[in-house]
$ cat query_3.txt   # compact mmCIF, C-alpha atoms and all ligand atoms
# COMPACT_ATOMS: atom_id res chain seq x y z
CA MET A 1 -27.96 -15.63 3.87
CA THR A 2 -25.29 -16.18 1.22
CA THR A 3 -21.56 -16.16 1.65
CA PRO A 4 -19.25 -13.45 0.29
CA TRP A 5 -16.12 -14.91 -1.32
CA VAL A 6 -12.88 -13.02 -0.89
CA ILE A 7 -10.10 -13.79 -3.40
CA GLY A 8 -6.57 -13.24 -2.09
CA ALA A 9 -5.43 -13.51 1.54
CA GLY A 10 -2.98 -10.60 1.38
CA PRO A 11 -3.36 -7.80 3.92
CA ALA A 12 -6.51 -6.47 2.22
CA GLY A 13 -8.31 -9.81 1.81
CA CYS A 14 -7.54 -10.93 5.38
CA CYS A 15 -8.60 -7.61 6.86
CA LEU A 16 -11.89 -7.59 4.95
CA ALA A 17 -12.65 -11.26 5.72
CA ALA A 18 -12.10 -10.74 9.47
CA LEU A 19 -14.20 -7.54 9.60
CA LEU A 20 -17.07 -9.20 7.71
CA ALA A 21 -16.91 -12.24 9.99
CA ASP A 22 -17.25 -9.88 12.98
CA LYS A 23 -20.44 -8.55 11.38
CA GLY A 24 -21.85 -12.07 11.27
CA TRP A 25 -21.16 -12.87 7.59
CA PRO A 26 -19.86 -16.37 6.85
CA VAL A 27 -16.89 -15.78 4.52
CA THR A 28 -14.96 -17.99 2.09
CA LEU A 29 -11.34 -16.89 1.56
CA LEU A 30 -9.20 -18.22 -1.33
CA GLU A 31 -5.41 -17.82 -1.36
CA SER A 32 -3.14 -18.99 -4.16
CA GLY A 33 -0.17 -19.50 -1.80
CA ALA A 34 0.20 -21.09 1.60
CA MET A 35 -1.40 -19.33 4.59
CA ASP A 36 1.83 -19.60 6.56
CA ALA A 37 3.02 -16.05 5.80
CA SER A 38 6.69 -17.06 6.04
CA SER A 39 6.55 -19.69 3.29
CA PRO A 40 7.48 -18.62 -0.24
CA GLY A 41 4.56 -17.96 -2.59
CA PRO A 42 3.32 -15.34 -4.99
CA ALA A 43 3.37 -12.73 -2.17
CA ALA A 44 6.96 -13.58 -1.14
CA VAL A 45 8.35 -10.48 -2.85
CA ALA A 46 5.93 -8.17 -1.03
CA VAL A 47 6.95 -9.73 2.28
CA GLN A 48 10.26 -7.79 2.13
CA ARG A 49 8.66 -4.36 2.09
CA THR A 50 7.83 -1.91 4.86
CA LEU A 51 4.50 -0.07 4.88
CA ALA A 52 3.87 3.38 6.38
CA LEU A 53 0.31 3.42 7.69
CA ALA A 54 -1.53 6.56 8.83
CA GLY A 55 -3.56 6.93 12.03
CA PRO A 56 -6.98 6.01 10.57
CA SER A 57 -5.49 2.79 9.13
CA TRP A 58 -4.32 1.79 12.62
CA THR A 59 -7.79 2.59 13.99
CA LEU A 60 -9.27 0.11 11.52
CA LEU A 61 -6.64 -2.54 12.31
CA GLY A 62 -7.36 -1.91 16.01
CA ARG A 63 -10.89 -3.24 15.44
CA LEU A 64 -9.21 -6.61 14.82
CA GLY A 65 -7.03 -6.22 17.92
CA ILE A 66 -3.91 -5.32 15.89
CA THR A 67 -1.96 -2.48 17.53
CA PRO A 68 1.33 -0.84 16.50
CA GLN A 69 3.01 -2.33 19.61
CA GLN A 70 1.89 -5.86 18.73
CA VAL A 71 3.52 -5.75 15.28
CA ALA A 72 6.66 -3.81 16.33
CA ALA A 73 5.55 -0.76 14.36
CA HIS A 74 7.68 2.39 14.52
CA PRO A 75 6.25 5.94 14.76
CA ILE A 76 6.97 8.73 12.25
CA ARG A 77 6.74 12.13 13.97
CA THR A 78 8.54 14.41 11.50
CA ILE A 79 9.12 14.25 7.75
CA HIS A 80 12.02 15.99 6.05
CA VAL A 81 11.29 16.64 2.35
CA SER A 82 14.08 17.89 0.09
CA TYR A 83 15.22 18.10 -3.51
CA ARG A 84 18.65 16.66 -4.22
CA GLY A 85 21.27 19.35 -4.81
CA GLN A 86 18.92 22.26 -4.03
CA ALA A 87 18.45 24.36 -0.89
CA GLY A 88 14.63 24.28 -0.68
CA ARG A 89 13.19 21.83 1.82
CA VAL A 90 10.13 21.24 4.00
CA CYS A 91 10.06 19.99 7.59
CA LEU A 92 6.69 18.60 8.56
CA ASP A 93 5.88 17.99 12.20
CA ALA A 94 2.89 15.86 13.22
CA SER A 95 2.25 18.11 16.22
CA GLU A 96 1.34 20.92 13.78
CA SER A 97 -1.76 18.96 12.87
CA GLY A 98 -2.59 18.15 16.47
CA VAL A 99 -1.49 14.49 16.45
CA SER A 100 1.51 12.88 18.08
CA GLU A 101 2.64 11.03 14.93
CA PHE A 102 1.92 10.87 11.18
CA GLY A 103 1.60 7.13 11.43
CA HIS A 104 3.69 4.02 12.01
CA THR A 105 5.84 1.87 9.74
CA VAL A 106 5.36 -1.88 9.86
CA SER A 107 6.91 -4.78 8.00
CA TYR A 108 4.50 -6.28 5.47
CA ALA A 109 5.42 -9.75 6.78
CA ARG A 110 4.58 -8.98 10.42
CA LEU A 111 1.33 -7.26 9.48
CA LEU A 112 0.32 -10.17 7.25
CA THR A 113 1.10 -12.68 10.01
CA ALA A 114 -1.09 -10.74 12.47
CA LEU A 115 -3.94 -10.45 9.94
CA ARG A 116 -3.78 -14.15 9.08
CA ALA A 117 -3.89 -14.95 12.80
CA ALA A 118 -7.04 -12.78 13.02
CA VAL A 119 -8.53 -14.83 10.16
CA ALA A 120 -7.60 -18.13 11.83
CA ALA A 121 -9.21 -17.00 15.10
CA ARG A 122 -12.63 -16.48 13.43
CA PRO A 123 -14.57 -19.70 12.94
CA GLY A 124 -16.94 -18.03 10.43
CA ILE A 125 -14.19 -17.91 7.79
CA THR A 126 -13.58 -20.93 5.54
CA VAL A 127 -10.07 -20.76 4.08
CA HIS A 128 -8.88 -22.55 0.93
CA GLU A 129 -5.11 -22.22 0.56
CA GLN A 130 -3.15 -23.19 -2.56
CA ALA A 131 -6.34 -22.20 -4.38
CA VAL A 132 -5.58 -20.25 -7.54
CA VAL A 133 -8.50 -18.31 -8.96
CA GLN A 134 -8.34 -18.30 -12.74
CA THR A 135 -11.34 -16.18 -13.74
CA VAL A 136 -14.24 -14.29 -12.21
CA GLN A 137 -17.25 -13.62 -14.41
CA GLY A 138 -20.07 -11.45 -13.14
CA SER A 139 -23.76 -11.79 -14.02
CA THR A 140 -27.03 -10.53 -12.52
CA SER A 141 -27.71 -13.70 -10.52
CA ALA A 142 -24.20 -14.83 -9.49
CA ALA A 143 -20.49 -14.43 -10.04
CA ARG A 144 -18.80 -17.49 -11.52
CA VAL A 145 -15.43 -18.16 -9.86
CA ARG A 146 -13.22 -20.70 -11.66
CA TRP A 147 -10.38 -21.86 -9.46
CA ARG A 148 -7.93 -24.70 -9.02
CA GLY A 149 -7.22 -26.08 -5.56
CA PRO A 150 -5.42 -29.18 -4.24
CA ALA A 151 -8.55 -31.22 -5.18
CA GLY A 152 -8.47 -30.01 -8.81
CA ALA A 153 -10.50 -27.56 -10.90
CA GLN A 154 -13.61 -26.03 -9.33
CA ASP A 155 -16.42 -23.88 -10.68
CA SER A 156 -18.39 -21.98 -8.02
CA LEU A 157 -21.39 -19.66 -8.32
CA VAL A 158 -21.32 -17.06 -5.56
CA SER A 159 -23.53 -14.12 -4.63
CA LEU A 160 -20.57 -11.76 -4.16
CA ALA A 161 -16.93 -12.16 -5.21
CA VAL A 162 -14.52 -9.62 -3.72
CA LEU A 163 -11.26 -9.47 -5.67
CA ALA A 164 -8.40 -8.66 -3.30
CA GLU A 165 -5.69 -10.50 -5.24
CA GLY A 166 -3.50 -7.46 -5.84
CA GLY A 167 -4.33 -6.88 -9.51
CA ALA A 168 -3.42 -10.25 -11.04
CA LEU A 169 -6.96 -10.93 -12.31
CA THR A 170 -9.12 -8.76 -14.56
CA ALA A 171 -12.81 -8.83 -13.84
CA SER A 172 -14.09 -5.60 -15.38
CA GLY A 173 -11.63 -4.94 -18.21
CA ASP A 174 -11.81 -1.16 -17.76
CA ALA A 175 -8.50 -0.55 -16.03
CA LEU A 176 -6.27 2.37 -16.98
CA THR A 177 -2.62 1.34 -16.84
CA TRP A 178 0.49 3.43 -17.30
CA PRO A 179 4.19 2.71 -17.01
CA TYR A 180 6.66 4.62 -14.85
CA ARG A 181 10.13 5.11 -16.21
CA GLN A 182 11.45 3.99 -12.82
CA GLN A 183 11.71 0.82 -10.80
CA ALA A 184 11.93 0.65 -7.00
CA LEU A 185 14.56 -0.98 -4.85
CA ALA A 186 13.65 -1.72 -1.23
CA CYS A 187 15.72 -2.93 1.72
CA VAL A 188 16.48 -2.04 5.33
CA VAL A 189 19.68 -0.12 6.12
CA GLN A 190 21.44 0.77 9.36
CA ALA A 191 22.73 4.31 9.90
CA GLU A 192 25.39 5.47 12.35
CA GLN A 193 23.41 8.51 13.54
CA PRO A 194 19.71 7.63 13.45
CA THR A 195 17.37 10.57 14.08
CA GLY A 196 14.65 8.70 15.98
CA ASP A 197 11.18 9.20 14.54
CA GLN A 198 12.11 11.31 11.51
CA ALA A 199 11.39 10.13 7.95
CA PHE A 200 13.14 11.48 4.86
CA GLU A 201 11.67 11.97 1.41
CA ARG A 202 14.24 13.14 -1.12
CA PHE A 203 13.21 13.99 -4.68
CA THR A 204 15.79 13.62 -7.42
CA PRO A 205 15.62 13.95 -11.22
CA ASP A 206 15.88 10.12 -11.36
CA GLY A 207 12.93 9.57 -9.00
CA PRO A 208 12.15 9.89 -5.29
CA LEU A 209 14.05 8.16 -2.49
CA ALA A 210 12.50 7.56 0.94
CA LEU A 211 14.11 6.50 4.21
CA LEU A 212 11.53 5.58 6.84
CA PRO A 213 12.44 4.78 10.46
CA CYS A 214 11.40 1.20 11.25
CA ALA A 215 11.95 -1.38 13.98
CA GLU A 216 15.13 -2.70 12.27
CA GLY A 217 16.71 0.65 11.21
CA TYR A 218 15.58 2.56 8.10
CA ALA A 219 13.36 1.15 5.38
CA LEU A 220 14.77 2.41 2.09
CA ILE A 221 12.71 2.81 -1.07
CA TRP A 222 14.91 4.06 -3.88
CA THR A 223 13.32 4.69 -7.26
CA ALA A 224 15.45 5.15 -10.38
CA PRO A 225 15.55 4.08 -14.05
CA ALA A 226 15.71 0.31 -14.55
CA ALA A 227 19.39 0.25 -15.58
CA ARG A 228 20.45 2.09 -12.41
CA ILE A 229 18.35 -0.22 -10.21
CA ALA A 230 19.87 -3.28 -11.94
CA HIS A 231 23.33 -1.88 -11.25
CA LEU A 232 22.46 -1.21 -7.56
CA LEU A 233 21.10 -4.72 -7.16
CA GLN A 234 24.26 -6.31 -8.49
CA ALA A 235 26.64 -4.13 -6.47
CA SER A 236 28.36 -5.51 -3.36
CA ASP A 237 26.88 -4.30 -0.03
CA ALA A 238 29.82 -1.91 0.41
CA ASP A 239 29.43 -0.40 -3.08
CA PHE A 240 25.67 -0.16 -2.65
CA LEU A 241 26.00 1.66 0.69
CA ALA A 242 28.57 4.03 -0.82
CA ALA A 243 26.18 4.83 -3.69
CA LEU A 244 23.37 5.48 -1.19
CA GLN A 245 25.67 7.72 0.85
CA ALA A 246 26.56 9.74 -2.24
CA TRP A 247 22.90 10.07 -3.29
CA PHE A 248 21.43 10.84 0.15
CA GLY A 249 24.28 12.65 1.92
CA ASP A 250 25.44 12.34 5.51
CA ARG A 251 22.37 13.58 7.40
CA LEU A 252 22.21 10.16 9.13
CA GLY A 253 25.96 9.65 9.41
CA ARG A 254 27.45 6.67 7.61
CA PHE A 255 25.26 3.83 6.32
CA ARG A 256 26.70 0.62 7.73
CA GLN A 257 24.67 -2.40 6.77
CA CYS A 258 21.82 -3.41 4.50
CA SER A 259 19.38 -6.33 4.26
CA PRO A 260 18.94 -8.21 0.94
CA ARG A 261 17.76 -5.80 -1.75
CA GLN A 262 14.46 -6.36 -3.55
CA ARG A 263 13.40 -4.89 -6.90
CA TYR A 264 9.81 -3.80 -7.65
CA PRO A 265 8.84 -2.91 -11.22
CA LEU A 266 6.50 0.10 -11.04
CA ARG A 267 3.36 0.68 -13.05
CA GLY A 268 0.17 2.52 -12.32
CA ARG A 269 -3.20 0.81 -12.61
CA PHE A 270 -6.63 2.25 -11.90
CA VAL A 271 -9.91 0.38 -12.40
CA LEU A 272 -12.57 2.89 -13.47
CA GLN A 273 -15.57 0.88 -12.24
CA PRO A 274 -14.37 -1.31 -9.35
CA ALA A 275 -17.86 -2.72 -8.71
CA GLY A 276 -19.59 -4.85 -11.36
CA ARG A 277 -22.33 -7.46 -11.45
CA ARG A 278 -21.83 -9.39 -8.20
CA PHE A 279 -18.15 -8.62 -7.94
CA VAL A 280 -16.10 -5.81 -6.51
CA GLN A 281 -12.37 -5.09 -6.71
CA ILE A 282 -10.65 -3.57 -3.67
CA ALA A 283 -7.20 -2.35 -2.59
CA ASN A 284 -4.43 -3.19 -5.09
CA ALA A 285 -6.91 -5.15 -7.21
CA ALA A 286 -8.69 -1.82 -7.80
CA GLN A 287 -5.69 0.52 -7.94
CA THR A 288 -1.93 0.13 -7.88
CA LEU A 289 -0.12 3.33 -6.96
CA HIS A 290 3.48 4.49 -7.13
CA PRO A 291 4.96 3.99 -3.62
CA VAL A 292 6.28 7.59 -3.39
CA ALA A 293 3.59 8.79 -0.98
CA GLY A 294 3.04 5.50 0.89
CA GLN A 295 -0.69 5.69 0.13
CA GLY A 296 -1.45 2.31 -1.51
CA PHE A 297 -2.55 0.21 1.43
CA ASN A 298 -3.91 3.22 3.33
CA LEU A 299 -6.27 3.74 0.38
CA GLY A 300 -7.04 0.01 0.25
CA LEU A 301 -8.04 0.06 3.91
CA ARG A 302 -10.48 2.88 3.14
CA ASP A 303 -12.00 0.64 0.39
CA ILE A 304 -12.42 -2.00 3.08
CA THR A 305 -14.04 0.38 5.59
CA THR A 306 -16.60 1.48 2.98
CA LEU A 307 -17.33 -2.04 1.74
CA THR A 308 -17.84 -3.29 5.29
CA GLU A 309 -20.27 -0.42 5.89
CA ALA A 310 -22.08 -1.11 2.59
CA LEU A 311 -22.63 -4.75 3.61
CA GLY A 312 -23.60 -3.91 7.20
CA ALA A 313 -24.44 -6.55 9.78
CA ALA A 314 -25.51 -9.88 8.31
CA GLN A 315 -29.28 -10.65 8.47
CA PRO A 316 -30.95 -13.92 7.47
CA GLY A 317 -31.82 -13.90 3.76
CA GLN A 318 -29.68 -10.85 2.99
CA ASP A 319 -27.94 -10.63 -0.37
CA PRO A 320 -24.37 -9.32 0.00
CA GLY A 321 -23.97 -8.75 -3.76
CA SER A 322 -27.12 -6.78 -4.52
CA ALA A 323 -26.71 -4.17 -7.27
CA THR A 324 -27.88 -1.40 -4.91
CA ARG A 325 -25.20 -2.17 -2.32
CA LEU A 326 -22.40 -2.37 -4.89
CA ALA A 327 -23.50 0.82 -6.64
CA ALA A 328 -23.54 2.63 -3.27
CA TYR A 329 -20.03 1.32 -2.57
CA GLN A 330 -18.73 2.53 -5.92
CA ARG A 331 -20.25 6.00 -5.49
CA ALA A 332 -18.85 6.36 -1.99
CA ARG A 333 -15.31 5.48 -3.11
CA ARG A 334 -15.14 7.63 -6.23
CA ALA A 335 -13.70 10.95 -4.91
CA ASP A 336 -11.10 9.46 -2.56
CA ARG A 337 -9.80 6.96 -5.14
CA TRP A 338 -9.44 9.56 -7.92
CA THR A 339 -7.87 12.19 -5.65
CA THR A 340 -5.39 9.84 -4.00
CA ALA A 341 -4.34 8.21 -7.27
CA GLY A 342 -4.07 11.61 -9.00
CA LEU A 343 -2.00 13.30 -6.29
CA THR A 344 0.29 10.28 -5.98
CA HIS A 345 0.92 10.28 -9.73
CA LEU A 346 1.63 14.02 -9.65
CA LEU A 347 4.11 13.59 -6.82
CA ALA A 348 5.83 10.68 -8.61
CA THR A 349 6.28 12.56 -11.87
CA ALA A 350 6.39 16.34 -11.24
CA PHE A 351 9.83 16.33 -9.62
CA ALA A 352 11.29 14.31 -12.47
CA LEU A 353 10.19 16.67 -15.27
CA PRO A 354 13.10 18.26 -17.18
CA GLY A 355 13.87 21.70 -15.76
CA SER A 356 11.79 21.11 -12.64
CA SER A 357 14.62 21.18 -10.09
CA LEU A 358 14.80 24.92 -9.42
CA PRO A 359 11.03 25.63 -9.45
CA MET A 360 10.44 22.60 -7.25
CA SER A 361 13.16 23.62 -4.84
CA LEU A 362 11.66 27.14 -4.64
CA ALA A 363 8.21 25.62 -4.14
CA LEU A 364 9.50 23.50 -1.26
CA GLY A 365 11.18 26.54 0.32
CA THR A 366 8.02 28.65 0.03
CA PHE A 367 5.95 25.78 1.35
CA ASP A 368 8.21 25.47 4.38
CA LEU A 369 7.70 29.14 5.22
CA ALA A 370 3.91 29.04 4.75
CA ALA A 371 2.69 27.59 8.03
CA PRO A 372 -1.02 27.12 7.10
CA LEU A 373 -0.09 25.28 3.88
CA ARG A 374 2.37 23.11 5.75
CA ARG A 375 -0.18 22.32 8.44
CA GLY A 376 -2.75 21.35 5.79
CA PHE A 377 -0.28 18.99 4.11
CA ALA A 378 0.78 17.53 7.46
CA ARG A 379 -2.87 16.80 8.20
CA LEU A 380 -3.23 14.96 4.90
CA MET A 381 -0.19 12.81 5.73
CA ALA A 382 -1.53 12.03 9.20
CA GLU A 383 -5.15 11.34 8.35
CA GLY A 384 -5.24 10.37 4.68
CA ILE A 385 -6.73 12.19 1.74
CA ALA A 386 -10.32 11.05 2.41
CA SER A 387 -10.44 13.18 5.54
C1 LIG A 401 8.00 -0.82 -2.63
C2 LIG A 401 6.60 -0.59 -2.13
C3 LIG A 401 6.39 0.15 -0.98
C4 LIG A 401 5.09 0.38 -0.51
N1 LIG A 401 4.91 1.16 0.59
C5 LIG A 401 3.66 1.43 1.04
C6 LIG A 401 3.44 2.26 2.18
O1 LIG A 401 4.40 2.78 2.77
N2 LIG A 401 2.17 2.48 2.61
C7 LIG A 401 1.09 1.95 1.96
O2 LIG A 401 -0.05 2.19 2.37
N3 LIG A 401 1.26 1.14 0.87
C8 LIG A 401 2.51 0.88 0.39
N4 LIG A 401 2.68 0.06 -0.70
C9 LIG A 401 1.50 -0.56 -1.32
C10 LIG A 401 1.08 -1.85 -0.55
O3 LIG A 401 2.15 -2.76 -0.53
C11 LIG A 401 -0.13 -2.47 -1.22
O4 LIG A 401 -1.15 -1.50 -1.35
C12 LIG A 401 -0.68 -3.66 -0.42
O5 LIG A 401 0.28 -4.68 -0.30
C13 LIG A 401 -1.91 -4.21 -1.13
O6 LIG A 401 -2.39 -5.33 -0.44
P1 LIG A 401 -3.38 -6.34 -1.19
O7 LIG A 401 -3.82 -7.31 -0.15
O8 LIG A 401 -4.40 -5.58 -1.97
O9 LIG A 401 -2.48 -7.04 -2.31
P2 LIG A 401 -1.22 -8.01 -2.15
O10 LIG A 401 -0.35 -7.54 -1.06
O11 LIG A 401 -0.63 -8.10 -3.54
O12 LIG A 401 -1.84 -9.43 -1.77
C14 LIG A 401 -2.59 -10.18 -2.72
C15 LIG A 401 -2.81 -11.61 -2.21
O13 LIG A 401 -3.61 -12.32 -3.18
C16 LIG A 401 -3.00 -13.58 -3.50
N5 LIG A 401 -3.34 -13.89 -4.91
C17 LIG A 401 -2.79 -13.35 -6.03
N6 LIG A 401 -3.36 -13.88 -7.14
C18 LIG A 401 -4.28 -14.77 -6.70
C19 LIG A 401 -5.18 -15.66 -7.38
N7 LIG A 401 -5.27 -15.70 -8.74
N8 LIG A 401 -5.99 -16.46 -6.62
C20 LIG A 401 -5.94 -16.42 -5.26
N9 LIG A 401 -5.09 -15.61 -4.57
C21 LIG A 401 -4.28 -14.79 -5.29
C22 LIG A 401 -1.50 -13.33 -3.28
O14 LIG A 401 -0.80 -14.54 -3.03
C23 LIG A 401 -1.51 -12.41 -2.06
O15 LIG A 401 -1.56 -13.12 -0.85
C24 LIG A 401 3.97 -0.16 -1.21
C25 LIG A 401 4.18 -0.91 -2.36
C26 LIG A 401 5.49 -1.11 -2.84
C27 LIG A 401 5.68 -1.89 -4.11
$ encode --input "query_3.txt" --output "structure tokens" --more "lines below"
Ligand SMILES: Cc1cc2nc3c(=O)[nH]c(=O)nc-3n(C[C@H](O)[C@H](O)[C@H](O)COP(=O)(O)OP(=O)(O)OC[C@H]3O[C@@H](n4cnc5c(N)ncnc54)[C@H](O)[C@@H]3O)c2cc1C
Amino acid sequence: MTTPWVIGAGPAGCCLAALLADKGWPVTLLESGAMDASSPGPAAVAVQRTLALAGPSWTLLGRLGITPQQVAAHPIRTIHVSYRGQAGRVCLDASESGVSEFGHTVSYARLLTALRAAVAARPGITVHEQAVVQTVQGSTSAARVRWRGPAGAQDSLVSLAVLAEGGALTASGDALTWPYRQQALACVVQAEQPTGDQAFERFTPDGPLALLPCAEGYALIWTAPAARIAHLLQASDADFLAALQAWFGDRLGRFRQCSPRQRYPLRGRFVLQPAGRRFVQIANAAQTLHPVAGQGFNLGLRDITTLTEALGAAQPGQDPGSATRLAAYQRARRADRWTTAGLTHLLATAFALPGSSLPMSLALGTFDLAAPLRRGFARLMAEGIAS
């Protein structure tokens, strides 16, 4: 039996490595930073963000013993969707789709810490930290992984290389990439009149703004043109909170406090053929989505579910990187990846088109009145697009 190599110990790489180890596969995991999730490294920027994860994502994490309670996750039970300056709006309620919540928000840092603890608890996983992978080259017999660790440069031939490094490497060279005219600013804010388990998604001509309830208050993701984001980053806390108040309104009372603000440049990236000869790209290494719909890691976890199923339980002499397995994986992921990436892009751009404010506001109003449509959309939010 040969060992799958997983490149990148972010949330996706750790989750996959632990699930494969539970199926009896010995796994080698390479991480360019330190495994102590709190120490600064290439993923330090991501550590500041909050992720909204749907029910099926929590079911998968539950297989590793990670529950919403354990990572101080916060439920989202209703979502208020509006268009700035217009009357149309939609109120989505999870109970309309027969579930008690759409999902839970969790801090990236806490989730990563729990996933790395799951990796550390599994003796079948060999971890190399401070190990920077430079290239991955596929061929029929093996993937060649060139990497540099504390002991110097290494050249390893492996039967399957899984790229889960977030999109820093290029293995297949067939990625579509596109810029967004916005950047994102993320931080946590406190509001005087919190509304419990309600999330807010507000579309504006500049880009969408989301406020998600989380353990520490509200996770804010504000997207806007680069110059506006630069200005918001430089502003004092008081000026920043005043700008947020003016942009969002007083639905949550006054905004009082904010954590350090973090900027994320936004670009879309979609690998057309994520599986190649003895390598496969998953999660952000396969697709990087605009954060507007909170679908990126939810989609990545569905990559992981399918890959784990494609590999199955380890048997002596089994080849994890066989062409048949990888082709089956790629086929199985096609529809969900294209649909999720397409709908996310539509949501990120449609509301920002010139002249879209009135039609979009009317569309939201109509949508709010059409119960079956609303229920269908609520179900998508709760269960993911694959379902
Ligand atoms: C502002 C914002 C908000 C978001 N909100 C949501 C949300 O609400 N819901 C949701 O589902 N998704 C959300 N996402 C997307 C989500 O953050 C990503 O999908 C998720 O982090 C992807 O995890 P990953 O493990 O694939 O990649 P990463 O998180 O990027 O981790 C990659 C890992 O690989 C390591 N690495 C990098 N290069 C190398 C190398 N050469 N060699 C070895 N190791 C390497 C890194 O150090 C890191 O540990 C959001 C994204 C942004 C920007």
$ residues_near_ligand --input "query_3.txt" --ligand "ligand LIG 401 (chain A)" --cutoff "7 Å" --atoms "all atoms listed in the file" --output "number ranges by chain"
A: 7-13, 30-33, 41-43, 46, 49-53, 131-134, 164-166, 168-169, 184-186, 221, 264, 282-285, 288, 291, 294-300
$ atom_distance --input "query_3.txt" --atom1 "atom CA of A:Pro123" --atom2 "atom CA of A:Ala17"
11.3 Å
$ atom_distance --input "query_3.txt" --atom1 "atom CA of A:Thr140" --atom2 "atom CA of A:Arg277"
5.7 Å
$ atom_distance --input "query_3.txt" --atom1 "atom CA of A:Pro213" --atom2 "atom CA of A:Val189"
9.8 Å
$ residues_around --input "query_3.txt" --residues "A:Pro179" --least-positions-apart "4" --cutoff "8 Å" --atoms "all atoms listed in the file" --output "VMD selection string"
chain A and resid 266 to 268
$ closest_residue --input "query_3.txt" --among "A:Gln154, A:Val145, A:Gly62, A:Met35" --to "A:Ala109" --atoms "all atoms listed in the file"
A:Met35
$ closest_residue --input "query_3.txt" --among "A:Ala73, A:Leu61, A:Asp237, A:Cys14" --to "A:Leu112" --atoms "all atoms listed in the file"
A:Cys14
